[in-house]
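Q: Sharing protein-v1.pdb below, PDB, C-alpha atoms, pLDDT in the B column:
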```
MODEL        1
ATOM      1  CA  MET A   1       0.000   0.000   0.000  1.00 86.00           C
ATOM      2  CA  ALA A   2       1.317   3.382  -0.929  1.00 92.00           C
ATOM      3  CA  PHE A   3       1.995   5.843   1.851  1.00 94.00           C
ATOM      4  CA  PRO A   4       3.744   9.219   1.877  1.00 94.00           C
ATOM      5  CA  TYR A   5       7.460   8.873   1.103  1.00 95.00           C
ATOM      6  CA  LYS A   6       7.289   5.194   0.192  1.00 96.00           C
ATOM      7  CA  THR A   7       9.627   4.562  -2.762  1.00 97.00           C
ATOM      8  CA  ILE A   8       9.272   1.827  -5.365  1.00 98.00           C
ATOM      9  CA  ILE A   9      11.914   1.016  -7.972  1.00 97.00           C
ATOM     10  CA  ASN A  10      11.127  -0.870 -11.172  1.00 97.00           C
ATOM     11  CA  THR A  11      14.220  -2.958 -11.899  1.00 96.00           C
ATOM     12  CA  LYS A  12      13.287  -3.417 -15.566  1.00 96.00           C
ATOM     13  CA  THR A  13      12.494   0.178 -16.538  1.00 95.00           C
ATOM     14  CA  ARG A  14      14.790   1.628 -13.841  1.00 95.00           C
ATOM     15  CA  GLN A  15      12.056   4.127 -12.956  1.00 97.00           C
ATOM     16  CA  THR A  16      11.835   5.245  -9.333  1.00 98.00           C
ATOM     17  CA  ILE A  17       8.585   6.537  -7.834  1.00 98.00           C
ATOM     18  CA  THR A  18       8.328   8.174  -4.415  1.00 98.00           C
ATOM     19  CA  PHE A  19       4.770   8.753  -3.275  1.00 98.00           C
ATOM     20  CA  ILE A  20       4.408  12.251  -1.778  1.00 98.00           C
ATOM     21  CA  GLN A  21       0.625  12.390  -1.302  1.00 98.00           C
ATOM     22  CA  THR A  22      -1.540   9.305  -1.726  1.00 97.00           C
ATOM     23  CA  ALA A  23      -5.200   8.566  -2.287  1.00 97.00           C
ATOM     24  CA  ALA A  24      -5.578   7.934   1.450  1.00 97.00           C
ATOM     25  CA  SER A  25      -3.780  11.109   2.533  1.00 96.00           C
ATOM     26  CA  THR A  26      -5.835  13.307   0.147  1.00 97.00           C
ATOM     27  CA  LYS A  27      -9.194  11.521   0.499  1.00 97.00           C
ATOM     28  CA  GLY A  28      -8.897  10.448  -3.137  1.00 96.00           C
ATOM     29  CA  ALA A  29      -8.412  13.935  -4.561  1.00 98.00           C
ATOM     30  CA  LEU A  30      -4.798  13.602  -5.660  1.00 97.00           C
ATOM     31  CA  LEU A  31      -1.847  11.298  -6.112  1.00 98.00           C
ATOM     32  CA  GLU A  32       1.438  13.206  -6.017  1.00 99.00           C
ATOM     33  CA  MET A  33       4.730  11.526  -6.769  1.00 99.00           C
ATOM     34  CA  GLU A  34       8.320  12.329  -7.489  1.00 99.00           C
ATOM     35  CA  THR A  35       9.664  10.102 -10.227  1.00 98.00           C
ATOM     36  CA  THR A  36      13.070   9.563 -11.741  1.00 98.00           C
ATOM     37  CA  TYR A  37      13.329   8.265 -15.286  1.00 97.00           C
ATOM     38  CA  ALA A  38      16.668   6.560 -15.895  1.00 96.00           C
ATOM     39  CA  ALA A  39      18.887   7.810 -18.695  1.00 96.00           C
ATOM     40  CA  ASN A  40      18.131   6.302 -22.099  1.00 95.00           C
ATOM     41  CA  SER A  41      14.801   4.842 -21.005  1.00 93.00           C
ATOM     42  CA  MET A  42      12.324   3.331 -23.441  1.00 90.00           C
ATOM     43  CA  MET A  43       9.145   4.996 -24.649  1.00 91.00           C
ATOM     44  CA  PRO A  44       6.222   3.348 -22.831  1.00 91.00           C
ATOM     45  CA  PRO A  45       3.099   2.247 -24.691  1.00 91.00           C
ATOM     46  CA  PRO A  46       0.869   5.181 -25.685  1.00 94.00           C
ATOM     47  CA  HIS A  47      -2.070   5.413 -23.294  1.00 96.00           C
ATOM     48  CA  PHE A  48      -4.658   7.739 -21.829  1.00 97.00           C
ATOM     49  CA  HIS A  49      -6.403   8.248 -18.521  1.00 98.00           C
ATOM     50  CA  PRO A  50     -10.193   8.353 -19.025  1.00 98.00           C
ATOM     51  CA  GLN A  51     -11.014  10.172 -15.790  1.00 98.00           C
ATOM     52  CA  GLN A  52      -7.747  11.728 -14.656  1.00 99.00           C
ATOM     53  CA  SER A  53      -5.610  14.717 -15.535  1.00 99.00           C
ATOM     54  CA  GLU A  54      -1.852  14.803 -14.982  1.00 99.00           C
ATOM     55  CA  ASP A  55       0.479  17.673 -14.159  1.00 99.00           C
ATOM     56  CA  PHE A  56       4.251  17.399 -14.483  1.00 98.00           C
ATOM     57  CA  THR A  57       7.088  19.689 -13.429  1.00 99.00           C
ATOM     58  CA  VAL A  58      10.594  18.775 -14.588  1.00 99.00           C
ATOM     59  CA  LEU A  59      12.909  19.118 -11.589  1.00 99.00           C
ATOM     60  CA  ALA A  60      16.115  17.924 -13.286  1.00 98.00           C
ATOM     61  CA  GLY A  61      17.145  16.653 -16.714  1.00 98.00           C
ATOM     62  CA  SER A  62      14.731  16.446 -19.621  1.00 98.00           C
ATOM     63  CA  VAL A  63      12.028  14.136 -20.946  1.00 98.00           C
ATOM     64  CA  LYS A  64      10.321  13.550 -24.254  1.00 98.00           C
ATOM     65  CA  VAL A  65       6.547  13.579 -24.353  1.00 98.00           C
ATOM     66  CA  ASN A  66       4.437  12.299 -27.203  1.00 97.00           C
ATOM     67  CA  ILE A  67       0.942  13.805 -27.089  1.00 96.00           C
ATOM     68  CA  ASN A  68      -1.487  12.789 -29.831  1.00 89.00           C
ATOM     69  CA  ASN A  69       1.469  11.755 -32.055  1.00 88.00           C
ATOM     70  CA  ALA A  70       3.365  15.054 -31.613  1.00 94.00           C
ATOM     71  CA  THR A  71       6.646  14.894 -29.684  1.00 96.00           C
ATOM     72  CA  GLN A  72       8.051  17.664 -27.525  1.00 97.00           C
ATOM     73  CA  ILE A  73      10.960  17.950 -25.097  1.00 97.00           C
ATOM     74  CA  LEU A  74      10.503  19.249 -21.564  1.00 98.00           C
ATOM     75  CA  GLN A  75      13.542  20.708 -19.772  1.00 98.00           C
ATOM     76  CA  GLN A  76      14.213  21.520 -16.130  1.00 97.00           C
ATOM     77  CA  GLY A  77      11.600  24.019 -14.916  1.00 98.00           C
ATOM     78  CA  ASP A  78       9.068  23.187 -17.638  1.00 98.00           C
ATOM     79  CA  THR A  79       5.535  22.186 -16.698  1.00 98.00           C
ATOM     80  CA  LEU A  80       2.923  20.205 -18.587  1.00 98.00           C
ATOM     81  CA  HIS A  81      -0.789  19.603 -18.041  1.00 98.00           C
ATOM     82  CA  ILE A  82      -2.329  16.552 -19.722  1.00 98.00           C
ATOM     83  CA  PRO A  83      -6.148  16.573 -19.664  1.00 98.00           C
ATOM     84  CA  ALA A  84      -8.140  13.377 -19.122  1.00 98.00           C
ATOM     85  CA  GLY A  85      -8.574  11.376 -22.326  1.00 98.00           C
ATOM     86  CA  THR A  86      -5.387  12.661 -24.006  1.00 98.00           C
ATOM     87  CA  VAL A  87      -3.206   9.969 -25.613  1.00 97.00           C
ATOM     88  CA  HIS A  88       0.387  10.347 -24.452  1.00 98.00           C
ATOM     89  CA  ALA A  89       3.673   8.697 -23.491  1.00 97.00           C
ATOM     90  CA  MET A  90       6.661  10.108 -21.583  1.00 97.00           C
ATOM     91  CA  TRP A  91      10.237   8.874 -21.403  1.00 97.00           C
ATOM     92  CA  ASN A  92      13.840  10.003 -21.041  1.00 97.00           C
ATOM     93  CA  ASP A  93      16.050   9.264 -24.036  1.00 93.00           C
ATOM     94  CA  GLY A  94      18.762  11.621 -22.767  1.00 94.00           C
ATOM     95  CA  PRO A  95      22.144  10.734 -21.229  1.00 96.00           C
ATOM     96  CA  VAL A  96      21.282  11.725 -17.624  1.00 97.00           C
ATOM     97  CA  PRO A  97      18.392  10.796 -15.322  1.00 98.00           C
ATOM     98  CA  ALA A  98      15.322  13.037 -15.329  1.00 98.00           C
ATOM     99  CA  LYS A  99      13.437  13.880 -12.137  1.00 99.00           C
ATOM    100  CA  LEU A 100       9.821  15.095 -12.177  1.00 99.00           C
ATOM    101  CA  ASN A 101       7.066  16.057  -9.798  1.00 99.00           C
ATOM    102  CA  TRP A 102       3.923  14.268 -10.998  1.00 98.00           C
ATOM    103  CA  LYS A 103       0.342  14.888  -9.903  1.00 99.00           C
ATOM    104  CA  ILE A 104      -2.667  12.822 -10.944  1.00 99.00           C
ATOM    105  CA  GLN A 105      -6.208  14.010 -10.185  1.00 99.00           C
ATOM    106  CA  PRO A 106      -8.277  12.309  -8.916  1.00 99.00           C
ATOM    107  CA  ALA A 107      -6.104   9.571  -7.419  1.00 98.00           C
ATOM    108  CA  LEU A 108      -8.455   6.607  -8.065  1.00 98.00           C
ATOM    109  CA  LYS A 109      -6.447   3.322  -7.821  1.00 97.00           C
ATOM    110  CA  THR A 110      -3.382   4.589  -9.685  1.00 98.00           C
ATOM    111  CA  GLU A 111      -0.937   3.877  -6.871  1.00 97.00           C
ATOM    112  CA  PHE A 112      -2.055   0.223  -6.907  1.00 97.00           C
ATOM    113  CA  PHE A 113      -1.399   0.120 -10.654  1.00 97.00           C
ATOM    114  CA  PHE A 114       2.183   1.356 -10.187  1.00 97.00           C
ATOM    115  CA  GLU A 115       2.791  -1.022  -7.282  1.00 98.00           C
ATOM    116  CA  THR A 116       1.406  -3.959  -9.281  1.00 98.00           C
ATOM    117  CA  ILE A 117       3.420  -3.285 -12.448  1.00 97.00           C
ATOM    118  CA  THR A 118       6.580  -2.625 -10.421  1.00 98.00           C
ATOM    119  CA  GLY A 119       6.083  -5.779  -8.368  1.00 98.00           C
ATOM    120  CA  LEU A 120       5.584  -7.894 -11.493  1.00 98.00           C
ATOM    121  CA  ALA A 121       8.729  -6.429 -13.073  1.00 97.00           C
ATOM    122  CA  ASN A 122      10.795  -6.965  -9.946  1.00 98.00           C
ATOM    123  CA  ASP A 123       9.581 -10.578  -9.727  1.00 97.00           C
ATOM    124  CA  ASP A 124      10.622 -11.117 -13.364  1.00 97.00           C
ATOM    125  CA  GLN A 125       7.003 -11.481 -14.535  1.00 97.00           C
ATOM    126  CA  THR A 126       7.452  -8.987 -17.394  1.00 97.00           C
ATOM    127  CA  ASN A 127       9.568  -8.694 -20.497  1.00 95.00           C
ATOM    128  CA  ALA A 128      12.870  -6.790 -20.487  1.00 93.00           C
ATOM    129  CA  HIS A 129      10.967  -3.503 -20.920  1.00 92.00           C
ATOM    130  CA  GLY A 130       8.731  -4.069 -17.877  1.00 94.00           C
ATOM    131  CA  VAL A 131       5.604  -5.041 -19.836  1.00 94.00           C
ATOM    132  CA  PRO A 132       3.656  -8.017 -18.425  1.00 97.00           C
ATOM    133  CA  GLY A 133       2.691 -10.905 -20.683  1.00 96.00           C
ATOM    134  CA  ILE A 134      -0.652 -11.036 -22.437  1.00 96.00           C
ATOM    135  CA  LEU A 135      -2.261 -13.355 -19.857  1.00 97.00           C
ATOM    136  CA  GLN A 136      -1.342 -10.990 -17.027  1.00 98.00           C
ATOM    137  CA  LEU A 137      -2.527  -8.006 -19.057  1.00 97.00           C
ATOM    138  CA  SER A 138      -5.881  -9.740 -19.651  1.00 97.00           C
ATOM    139  CA  LEU A 139      -6.573  -9.362 -15.923  1.00 98.00           C
ATOM    140  CA  THR A 140      -4.647  -6.234 -14.925  1.00 97.00           C
ATOM    141  CA  VAL A 141      -5.700  -3.915 -17.773  1.00 96.00           C
ATOM    142  CA  PRO A 142      -9.470  -4.362 -17.210  1.00 97.00           C
ATOM    143  CA  HIS A 143      -8.983  -3.987 -13.442  1.00 97.00           C
ATOM    144  CA  PHE A 144      -7.475  -0.521 -13.971  1.00 98.00           C
ATOM    145  CA  LYS A 145      -9.727   0.582 -16.859  1.00 97.00           C
ATOM    146  CA  GLU A 146     -10.757   3.766 -15.008  1.00 97.00           C
ATOM    147  CA  GLU A 147      -7.103   4.707 -14.492  1.00 98.00           C
ATOM    148  CA  ILE A 148      -5.364   3.786 -17.742  1.00 96.00           C
ATOM    149  CA  VAL A 149      -6.249   2.613 -21.254  1.00 96.00           C
ATOM    150  CA  LEU A 150      -3.607   1.351 -23.677  1.00 95.00           C
ATOM    151  CA  THR A 151      -4.236   2.500 -27.238  1.00 95.00           C
ATOM    152  CA  LYS A 152      -2.716  -0.475 -29.087  1.00 92.00           C
ATOM    153  CA  PRO A 153      -4.302  -2.708 -30.016  1.00 91.00           C
ATOM    154  CA  ALA A 154      -7.567  -0.779 -30.193  1.00 94.00           C
ATOM    155  CA  PRO A 155      -9.404  -0.805 -26.834  1.00 92.00           C
ATOM    156  CA  SER A 156     -12.391  -2.616 -28.397  1.00 93.00           C
ATOM    157  CA  LEU A 157     -10.075  -5.391 -29.620  1.00 95.00           C
ATOM    158  CA  GLN A 158      -8.357  -5.542 -26.225  1.00 94.00           C
ATOM    159  CA  LYS A 159     -11.718  -6.015 -24.514  1.00 94.00           C
ATOM    160  CA  PHE A 160     -12.614  -8.952 -26.771  1.00 95.00           C
ATOM    161  CA  LEU A 161      -9.134 -10.489 -26.507  1.00 96.00           C
ATOM    162  CA  PHE A 162      -8.965 -10.121 -22.725  1.00 97.00           C
ATOM    163  CA  ILE A 163     -12.399 -11.701 -22.233  1.00 96.00           C
ATOM    164  CA  PHE A 164     -11.195 -14.670 -24.290  1.00 97.00           C
ATOM    165  CA  LEU A 165      -7.859 -14.941 -22.417  1.00 97.00           C
ATOM    166  CA  ARG A 166      -9.166 -14.364 -18.884  1.00 97.00           C
ATOM    167  CA  PRO A 167     -10.000 -18.060 -18.169  1.00 97.00           C
ATOM    168  CA  PHE A 168      -6.499 -19.104 -19.270  1.00 98.00           C
ATOM    169  CA  ALA A 169      -4.932 -16.440 -17.054  1.00 98.00           C
ATOM    170  CA  THR A 170      -6.994 -17.600 -14.096  1.00 97.00           C
ATOM    171  CA  TRP A 171      -6.072 -21.214 -14.828  1.00 98.00           C
ATOM    172  CA  ARG A 172      -2.391 -20.125 -14.748  1.00 97.00           C
ATOM    173  CA  LYS A 173      -3.111 -18.650 -11.274  1.00 97.00           C
ATOM    174  CA  LYS A 174      -2.625 -15.065 -12.365  1.00 97.00           C
ATOM    175  CA  GLN A 175      -4.458 -12.232 -10.604  1.00 97.00           C
ATOM    176  CA  ALA A 176      -5.357  -8.674 -11.569  1.00 97.00           C
ATOM    177  CA  ILE A 177      -3.458  -7.396  -8.528  1.00 96.00           C
ATOM    178  CA  TYR A 178      -1.337  -9.199  -5.960  1.00 96.00           C
ATOM    179  CA  PRO A 179      -1.663  -8.502  -2.229  1.00 94.00           C
ATOM    180  CA  ALA A 180       2.116  -8.804  -1.794  1.00 95.00           C
ATOM    181  CA  TYR A 181       2.638  -5.794  -4.066  1.00 95.00           C
ATOM    182  CA  ILE A 182       0.022  -3.470  -2.573  1.00 91.00           C
ATOM    183  CA  ASN A 183       0.276  -4.311   1.148  1.00 82.00           C
TER     184      ASN A 183
ENDMDL
END
```
What do you get writing this file as structure tokens?

A:
Amino acid sequence: MAFPYKTIINTKTRQTITFIQTAASTKGALLEMETTYAANSMMPPPHFHPQQSEDFTVLAGSVKVNINNATQILQQGDTLHIPAGTVHAMWNDGPVPAKLNWKIQPALKTEFFFETITGLANDDQTNAHGVPGILQLSLTVPHFKEEIVLTKPAPSLQKFLFIFLRPFATWRKKQAIYPAYIN
């Protein structure tokens, strides 16, 4: 469970997240984090947040942001607001780590998403880029559908595919979230 100043480190993506304010500490209004993107990190899958906006402030280094297929670079001191429903991805392809303040409103279950994905990566249940396998995704993606939607394949295709795969994932003893990662 996230709590103020808890830090999680994803060993695959090398991203560090320190929770500053959590859903519990803000009564669900806000999740505030400080994150460090490792140098030369990979672009994550394009996604959007159906019900949440995000605000970023670059504290050190620089990051690339792809918003609706247009890429821009944010430098130290720059800020960015991403409205709910906006397709985006953020990464650091530069030679030094990038540190950002990151606010998500409302908090919803986003901290559980980060803890789950980080836990899976650290337990070697993802590929080299920190992405879980398709059976795991068939449970985790629908569980967090209010927080995050991947854009590829198309969400309608994902829904059909995940419904088909869900029994196989359950048979393989996979879960949408794991108590060990969020407790």

Q: Would you mind reading off the distance between CA of Pro142 in chain A and CA of Thr36 in chain A, one decimal, in Å?

A: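 Spanning CA of Pro142 in chain A to CA of Thr36 in chain A is a straight-line distance of 27.1 Å.
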
Q: Counting all atoms listed in the file, figure out which residue out of A:Pro153, A:Gly119, A:Pro106, A:Pro83 gets nearest to Asn183 in chain A.

A: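 For Asn183 in chain A, the nearest of the given residues is A:Gly119.
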
Q: Expand the PyMOL selection byres ((chain A and resi 93) around 12) into the explicit residue set it covers here, and present it as a CSV table (one decimal) with C-alpha atoms, in the frame of the given file.

A:
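Output saved as out_14.csv:
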```csv
chain,number,residue,atom,x,y,z
A,37,TYR,CA,13.3,8.3,-15.3
A,38,ALA,CA,16.7,6.6,-15.9
A,39,ALA,CA,18.9,7.8,-18.7
A,40,ASN,CA,18.1,6.3,-22.1
A,41,SER,CA,14.8,4.8,-21.0
A,42,MET,CA,12.3,3.3,-23.4
A,43,MET,CA,9.1,5.0,-24.6
A,44,PRO,CA,6.2,3.3,-22.8
A,61,GLY,CA,17.1,16.7,-16.7
A,62,SER,CA,14.7,16.4,-19.6
A,63,VAL,CA,12.0,14.1,-20.9
A,64,LYS,CA,10.3,13.6,-24.3
A,65,VAL,CA,6.5,13.6,-24.4
A,73,ILE,CA,11.0,18.0,-25.1
A,74,LEU,CA,10.5,19.2,-21.6
A,90,MET,CA,6.7,10.1,-21.6
A,91,TRP,CA,10.2,8.9,-21.4
A,92,ASN,CA,13.8,10.0,-21.0
A,94,GLY,CA,18.8,11.6,-22.8
A,95,PRO,CA,22.1,10.7,-21.2
A,96,VAL,CA,21.3,11.7,-17.6
A,97,PRO,CA,18.4,10.8,-15.3
A,98,ALA,CA,15.3,13.0,-15.3
```

Q: Nearest to Ile9 in chain A among A:Thr86, A:Asn122, A:Asn66, A:Gln75, with distances taken over all atoms listed in the file: which residue is it?

A: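 With all atoms listed in the file as the atom set, the closest residue is A:Asn122.
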
Q: A:Thr116, A:Ser138, A:Gly133, A:Thr16: which is nearest Met1 in chain A, counting all atoms listed in the file?

A: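 Under the stated criterion, the closest residue is A:Thr116.
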
Q: For Thr57 in chain A, work out the shell of residues within 10 Å, counting only C-alpha atoms and skipping chain neighbours fewer than 3 positions away, then give it as a list in words.

A: Glu34, Ala60, Leu74, Gln75, Gln76, Gly77, Asp78, Thr79, Leu80, His81, Lys99, Leu100, Asn101, Trp102 and Lys103 of chain A

Q: Next, write the just-selected residues to a file, as a PDB file, in the coordinates of the input, keeping C-alpha atoms as the atom set.

A:
```pdb
ATOM      1  CA  GLU A  34       8.320  12.329  -7.489  1.00 99.00           C
ATOM      2  CA  ALA A  60      16.115  17.924 -13.286  1.00 98.00           C
ATOM      3  CA  LEU A  74      10.503  19.249 -21.564  1.00 98.00           C
ATOM      4  CA  GLN A  75      13.542  20.708 -19.772  1.00 98.00           C
ATOM      5  CA  GLN A  76      14.213  21.520 -16.130  1.00 97.00           C
ATOM      6  CA  GLY A  77      11.600  24.019 -14.916  1.00 98.00           C
ATOM      7  CA  ASP A  78       9.068  23.187 -17.638  1.00 98.00           C
ATOM      8  CA  THR A  79       5.535  22.186 -16.698  1.00 98.00           C
ATOM      9  CA  LEU A  80       2.923  20.205 -18.587  1.00 98.00           C
ATOM     10  CA  HIS A  81      -0.789  19.603 -18.041  1.00 98.00           C
ATOM     11  CA  LYS A  99      13.437  13.880 -12.137  1.00 99.00           C
ATOM     12  CA  LEU A 100       9.821  15.095 -12.177  1.00 99.00           C
ATOM     13  CA  ASN A 101       7.066  16.057  -9.798  1.00 99.00           C
ATOM     14  CA  TRP A 102       3.923  14.268 -10.998  1.00 98.00           C
ATOM     15  CA  LYS A 103       0.342  14.888  -9.903  1.00 99.00           C
TER      16      LYS A 103
END
```

Q: In Å, with one decimal, what is the gap from CA of Thr170 in chain A to CA of Pro132 in chain A?

A: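 Rounded to one decimal, the two atoms are 15.0 Å apart.
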
Q: When the PyMOL selection byres ((chain A and resi 149) around 10) is applied to the file above, which residues end up in the set, as number ranges by chain?

A: A: 45-50, 85, 87, 141-142, 144-148, 150-152, 154-155, 158

Q: For the provided coordinates, the residues matched by the PyMOL selection byres ((chain A and resi 174) around 10) should be stated as a count of residues only.

A: 18

Q: In terms of the shortest atom-to-atom distance over all atoms listed in the file, which of A:His88, A:Gly130, A:Ala24, A:Ala180 is closest to Ala70 in chain A?

A: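 Result for the nearest residue to Ala70 in chain A: A:His88.
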